[in-house]
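Asker: Please see the structure below; I have some questions.
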Amino acid sequence: MAKRLQGKVALITGGARGIGAAAARLFSQHGAKVLIADIRSESESGQPVSFVECDVSSDLDMLNAVDAVVSMHGKLDIMYSNAGIAEDRAPGILSIDPQVFRKVFDVNVYGSFLAAKHVARVMVPKCSGTILFTGSAVTASYGLAPHNYTASKHAVVGLTKNLCVELGQFGIRVNCISPYAVMTPMAAEFAGCDEEAYKKRVLPDHLKLMRAEEVAEVALNMVSDESKYICGLNLLVDGGVCLKSA
Ligand code: NAD
């Protein structure tokens, strides 16, 4: 197997489980040195990756996570800002607790901003690096998820596009991937039903529920040097579902 990230150093937020854990496994199989930053202290990635406890919505935690990578490996080439939450399954605008709205923004938006801010400190002086954010198919189709989650993922796309311009002048690529339903612990908690019932609810018959490993493959493509001219993209990973329902 050609190792596509040989010699690279990657930080993956939210890498203890789900899509982030699959990416940690895949990136390390492709030769990257990987550090996971997560609030969970156990990782299911199953690979010899390093781990730091970090709440992405804490400025100090993100600073420490980036510094930990640099002190371990002397550099940081890839920031995969993947940590995200979906709180409250159906918070109508009349009943949602404003604190729930804010919490989703703290993790999904502020956490993405802090990841970029702290990694830019390291990447700008080197004039190289890539940042991959995590959006969602809710940026292409409405009513799939609660408004707090949808609004937060739109903000992440805004960050992506603006930082692409701002950091592009330093040779830093910034992109976002936006998956549709992926079978992860988050999806299981969010759906509140078994996998078969979830699939029936969210997908047309001809499609299978995506696996975390399949999203990790897309992330690998986006962060590897083969994608060096891909910048500012919000890449939908949805099997065409959103286009069909638009
Ligand atoms: P998951 O809940 O299975 O994993 C998320 C990881 O993020 C967990 O390890 C969790 O501990 C960590 N995390 C949560 N809050 C954190 C914080 N404050 N600081 C650090 N780490 C934190 O979720 P997943 O399904 O793997 O989702 C990963 C990303 O993909 C999220 O941004 C999510 O919004 C996005 N996404 C998921 C789906 C899906 O269907 N699963 C679809 C579209 C987008």
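Here, A, B, ... name the chains of the structure tokens in the order displayed, residue numbers run from 1 inside each chain, and ligands are numbered from 1 in the same displayed order.
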Would you mind listing, for every residue of chain A within 7 Å of ligand 1, the two atoms forming the shortest contact and the distance between them in Å to one decimal, using only C-alpha atoms and all ligand atoms, sorted by chain and ascending residue number, as a Markdown table?
Answerer:
| residue | atom | partner | partner_atom_place_in_ligand_line | distance |
| --- | --- | --- | --- | --- |
| A:Thr13 | CA | ligand 1 | 21 (N) | 5.8 |
| A:Gly14 | CA | ligand 1 | 7 (O) | 3.3 |
| A:Gly15 | CA | ligand 1 | 9 (O) | 5.3 |
| A:Ala16 | CA | ligand 1 | 9 (O) | 4.0 |
| A:Arg17 | CA | ligand 1 | 9 (O) | 4.3 |
| A:Gly18 | CA | ligand 1 | 26 (O) | 3.4 |
| A:Ile19 | CA | ligand 1 | 26 (O) | 3.8 |
| A:Gly20 | CA | ligand 1 | 26 (O) | 5.7 |
| A:Ala37 | CA | ligand 1 | 20 (C) | 6.2 |
| A:Asp38 | CA | ligand 1 | 21 (N) | 3.7 |
| A:Ile39 | CA | ligand 1 | 20 (C) | 4.5 |
| A:Arg40 | CA | ligand 1 | 11 (O) | 4.8 |
| A:Cys54 | CA | ligand 1 | 20 (C) | 5.4 |
| A:Asp55 | CA | ligand 1 | 19 (N) | 3.5 |
| A:Val56 | CA | ligand 1 | 19 (N) | 4.0 |
| A:Ser57 | CA | ligand 1 | 18 (N) | 5.5 |
| A:Asn82 | CA | ligand 1 | 32 (O) | 4.8 |
| A:Ala83 | CA | ligand 1 | 7 (O) | 3.9 |
| A:Gly84 | CA | ligand 1 | 32 (O) | 3.4 |
| A:Ile85 | CA | ligand 1 | 34 (O) | 5.5 |
| A:Ala86 | CA | ligand 1 | 34 (O) | 6.5 |
| A:Val107 | CA | ligand 1 | 18 (N) | 5.1 |
| A:Asn108 | CA | ligand 1 | 32 (O) | 6.6 |
| A:Thr134 | CA | ligand 1 | 32 (O) | 5.2 |
| A:Gly135 | CA | ligand 1 | 44 (C) | 5.7 |
| A:Ser136 | CA | ligand 1 | 43 (C) | 4.0 |
| A:Ala137 | CA | ligand 1 | 43 (C) | 6.1 |
| A:Ser178 | CA | ligand 1 | 43 (C) | 5.9 |
| A:Pro179 | CA | ligand 1 | 43 (C) | 4.3 |
| A:Tyr180 | CA | ligand 1 | 42 (C) | 4.9 |
| A:Ala181 | CA | ligand 1 | 40 (O) | 3.6 |
| A:Val182 | CA | ligand 1 | 40 (O) | 3.7 |
| A:Met183 | CA | ligand 1 | 41 (N) | 5.7 |
| A:Thr184 | CA | ligand 1 | 25 (O) | 4.7 |
| A:Pro185 | CA | ligand 1 | 3 (O) | 4.1 |
| A:Met186 | CA | ligand 1 | 2 (O) | 3.7 |
| A:Ala187 | CA | ligand 1 | 41 (N) | 4.7 |
| A:Ala212 | CA | ligand 1 | 26 (O) | 6.8 |
Asker: As an MDAnalysis selection string, please: every residue in segment 103-236 of chain A that a backbone DSSP assignment puts in strand (DSSP E).
Answerer: chainID A and resid 129:134 172:179 182:183 210:211 234:236
Asker: Keeping only C-alpha atoms, take the residues you just selected and write them out as a CSV table (one decimal), in the first residue's frame.
Answerer:
chain,number,residue,atom,x,y,z
A,129,GLY,CA,-0.1,22.9,6.2
A,130,THR,CA,-3.7,21.9,5.8
A,131,ILE,CA,-6.8,22.3,7.9
A,132,LEU,CA,-9.8,20.1,7.4
A,133,PHE,CA,-13.1,21.2,9.1
A,134,THR,CA,-16.2,19.1,9.6
A,172,ILE,CA,-2.1,26.7,3.9
A,173,ARG,CA,-5.1,24.8,2.5
A,174,VAL,CA,-8.4,25.0,4.3
A,175,ASN,CA,-11.4,22.7,3.4
A,176,CYS,CA,-14.4,21.1,4.9
A,177,ILE,CA,-16.1,17.8,4.5
A,178,SER,CA,-19.8,17.5,5.0
A,179,PRO,CA,-21.1,13.9,5.5
A,182,VAL,CA,-22.8,8.0,9.1
A,183,MET,CA,-23.3,5.1,11.5
A,210,MET,CA,-22.1,5.2,5.5
A,211,ARG,CA,-19.4,3.9,7.8
A,234,ASN,CA,-17.2,22.3,1.4
A,235,LEU,CA,-17.3,18.7,0.0
A,236,LEU,CA,-20.7,17.0,0.4
Asker: Neighbours of segment 49-53 of chain A within 12 Å (only C-alpha atoms; same-chain residues fewer than 5 positions away dropped), as a ChimeraX atom specification?
Answerer: /A:9-16,21-29,31-44,58,60-69,72-73
Asker: From a DSSP calculation on the backbone, collect every residue of segment 9-243 of chain A in helix (DSSP H, G or I) and output the set as JSON, numbers by chain.
Answerer: {"A": [18, 19, 20, 21, 22, 23, 24, 25, 26, 27, 28, 29, 59, 60, 61, 62, 63, 64, 65, 66, 67, 68, 69, 70, 71, 72, 73, 98, 99, 100, 101, 102, 103, 104, 105, 106, 107, 108, 109, 110, 111, 112, 113, 114, 115, 116, 117, 118, 119, 120, 121, 122, 123, 124, 125, 126, 137, 138, 139, 147, 148, 149, 150, 151, 152, 153, 154, 155, 156, 157, 158, 159, 160, 161, 162, 163, 164, 165, 166, 167, 168, 185, 186, 187, 188, 189, 190, 191, 195, 196, 197, 198, 199, 200, 201, 202, 212, 213, 214, 215, 216, 217, 218, 219, 220, 221, 222, 223, 225, 226, 227, 241, 242, 243]}
Asker: Would you mind exporting C-alpha atoms of the selected residues as a compact mmCIF listing (two decimals), in the first residue's frame?
Answerer:
# COMPACT_ATOMS: atom_id res chain seq x y z
CA GLY A 18 -16.61 7.58 15.48
CA ILE A 19 -15.28 9.28 12.36
CA GLY A 20 -12.27 10.76 14.18
CA ALA A 21 -11.15 7.35 15.46
CA ALA A 22 -11.47 5.86 11.97
CA ALA A 23 -9.39 8.75 10.58
CA ALA A 24 -6.75 8.26 13.29
CA ARG A 25 -6.43 4.61 12.27
CA LEU A 26 -6.29 5.37 8.55
CA PHE A 27 -3.90 8.32 8.82
CA SER A 28 -1.48 6.26 10.90
CA GLN A 29 -1.71 3.33 8.49
CA ASP A 59 -8.66 28.11 24.45
CA LEU A 60 -6.05 26.74 26.85
CA ASP A 61 -6.78 23.09 26.03
CA MET A 62 -6.43 23.70 22.28
CA LEU A 63 -3.24 25.66 22.80
CA ASN A 64 -1.84 22.81 24.89
CA ALA A 65 -2.90 20.16 22.37
CA VAL A 66 -1.12 21.95 19.52
CA ASP A 67 1.95 22.56 21.67
CA ALA A 68 1.96 18.88 22.69
CA VAL A 69 2.15 17.79 19.05
CA VAL A 70 4.91 20.23 18.24
CA SER A 71 6.96 19.26 21.27
CA MET A 72 6.53 15.55 20.42
CA HIS A 73 7.17 15.73 16.68
CA PRO A 98 -30.71 28.88 24.91
CA GLN A 99 -27.86 27.17 26.80
CA VAL A 100 -28.23 24.14 24.53
CA PHE A 101 -27.99 26.39 21.49
CA ARG A 102 -24.87 28.00 22.91
CA LYS A 103 -23.25 24.68 23.84
CA VAL A 104 -23.54 23.39 20.28
CA PHE A 105 -21.93 26.60 19.01
CA ASP A 106 -19.20 26.40 21.67
CA VAL A 107 -18.06 22.98 20.46
CA ASN A 108 -18.87 23.03 16.75
CA VAL A 109 -18.00 26.63 15.88
CA TYR A 110 -15.82 28.06 18.63
CA GLY A 111 -13.95 24.74 18.84
CA SER A 112 -13.25 24.86 15.09
CA PHE A 113 -12.12 28.46 15.36
CA LEU A 114 -9.73 27.64 18.23
CA ALA A 115 -8.32 24.66 16.34
CA ALA A 116 -7.56 26.92 13.38
CA LYS A 117 -6.23 29.77 15.51
CA HIS A 118 -3.75 27.61 17.38
CA VAL A 119 -2.58 25.60 14.42
CA ALA A 120 -2.13 28.79 12.36
CA ARG A 121 0.47 29.84 14.94
CA VAL A 122 2.53 26.84 13.86
CA MET A 123 1.68 26.66 10.15
CA VAL A 124 1.97 30.32 9.12
CA PRO A 125 5.70 30.66 9.93
CA LYS A 126 6.35 27.44 7.94
CA ALA A 137 -25.04 17.62 4.88
CA VAL A 138 -27.26 20.01 6.84
CA THR A 139 -25.36 22.73 4.97
CA HIS A 147 -31.71 24.40 13.86
CA ASN A 148 -28.85 24.78 16.39
CA TYR A 149 -26.79 22.05 14.71
CA THR A 150 -27.66 23.29 11.20
CA ALA A 151 -26.69 26.87 12.02
CA SER A 152 -23.43 25.75 13.65
CA LYS A 153 -22.35 23.75 10.60
CA HIS A 154 -23.12 26.68 8.29
CA ALA A 155 -20.81 28.76 10.47
CA VAL A 156 -18.08 26.14 10.03
CA VAL A 157 -18.43 26.45 6.25
CA GLY A 158 -18.11 30.23 6.60
CA LEU A 159 -14.91 29.75 8.60
CA THR A 160 -13.61 27.39 5.92
CA LYS A 161 -14.13 29.81 3.05
CA ASN A 162 -12.79 32.85 4.85
CA LEU A 163 -9.76 31.10 6.29
CA CYS A 164 -9.04 29.61 2.88
CA VAL A 165 -8.52 33.15 1.62
CA GLU A 166 -6.77 34.40 4.76
CA LEU A 167 -4.37 31.47 5.12
CA GLY A 168 -4.04 30.64 1.44
CA PRO A 185 -22.02 6.54 18.30
CA MET A 186 -23.28 10.10 17.73
CA ALA A 187 -25.76 8.94 15.10
CA ALA A 188 -26.94 6.07 17.32
CA GLU A 189 -27.55 8.46 20.23
CA PHE A 190 -29.17 11.03 17.99
CA ALA A 191 -31.42 8.64 16.09
CA GLU A 195 -29.57 0.98 12.63
CA GLU A 196 -32.18 -0.55 10.33
CA ALA A 197 -34.89 1.88 11.42
CA TYR A 198 -32.45 4.79 11.12
CA LYS A 199 -31.49 3.77 7.60
CA LYS A 200 -35.16 3.56 6.58
CA ARG A 201 -35.79 7.01 7.99
CA VAL A 202 -32.90 8.85 6.38
CA ALA A 212 -16.95 6.09 9.68
CA GLU A 213 -14.15 4.40 7.69
CA GLU A 214 -15.66 5.63 4.43
CA VAL A 215 -15.66 9.22 5.65
CA ALA A 216 -12.09 8.77 6.87
CA GLU A 217 -11.10 7.82 3.29
CA VAL A 218 -12.51 11.13 2.07
CA ALA A 219 -10.66 12.99 4.81
CA LEU A 220 -7.44 11.24 3.79
CA ASN A 221 -7.92 12.41 0.20
CA MET A 222 -8.54 15.96 1.32
CA VAL A 223 -5.47 16.25 3.57
CA ASP A 225 -0.73 16.29 -1.08
CA GLU A 226 -2.62 14.88 -4.07
CA SER A 227 -5.32 17.46 -3.24
CA VAL A 241 -29.13 12.47 -1.42
CA CYS A 242 -29.17 16.23 -0.91
CA LEU A 243 -29.15 17.00 -4.62
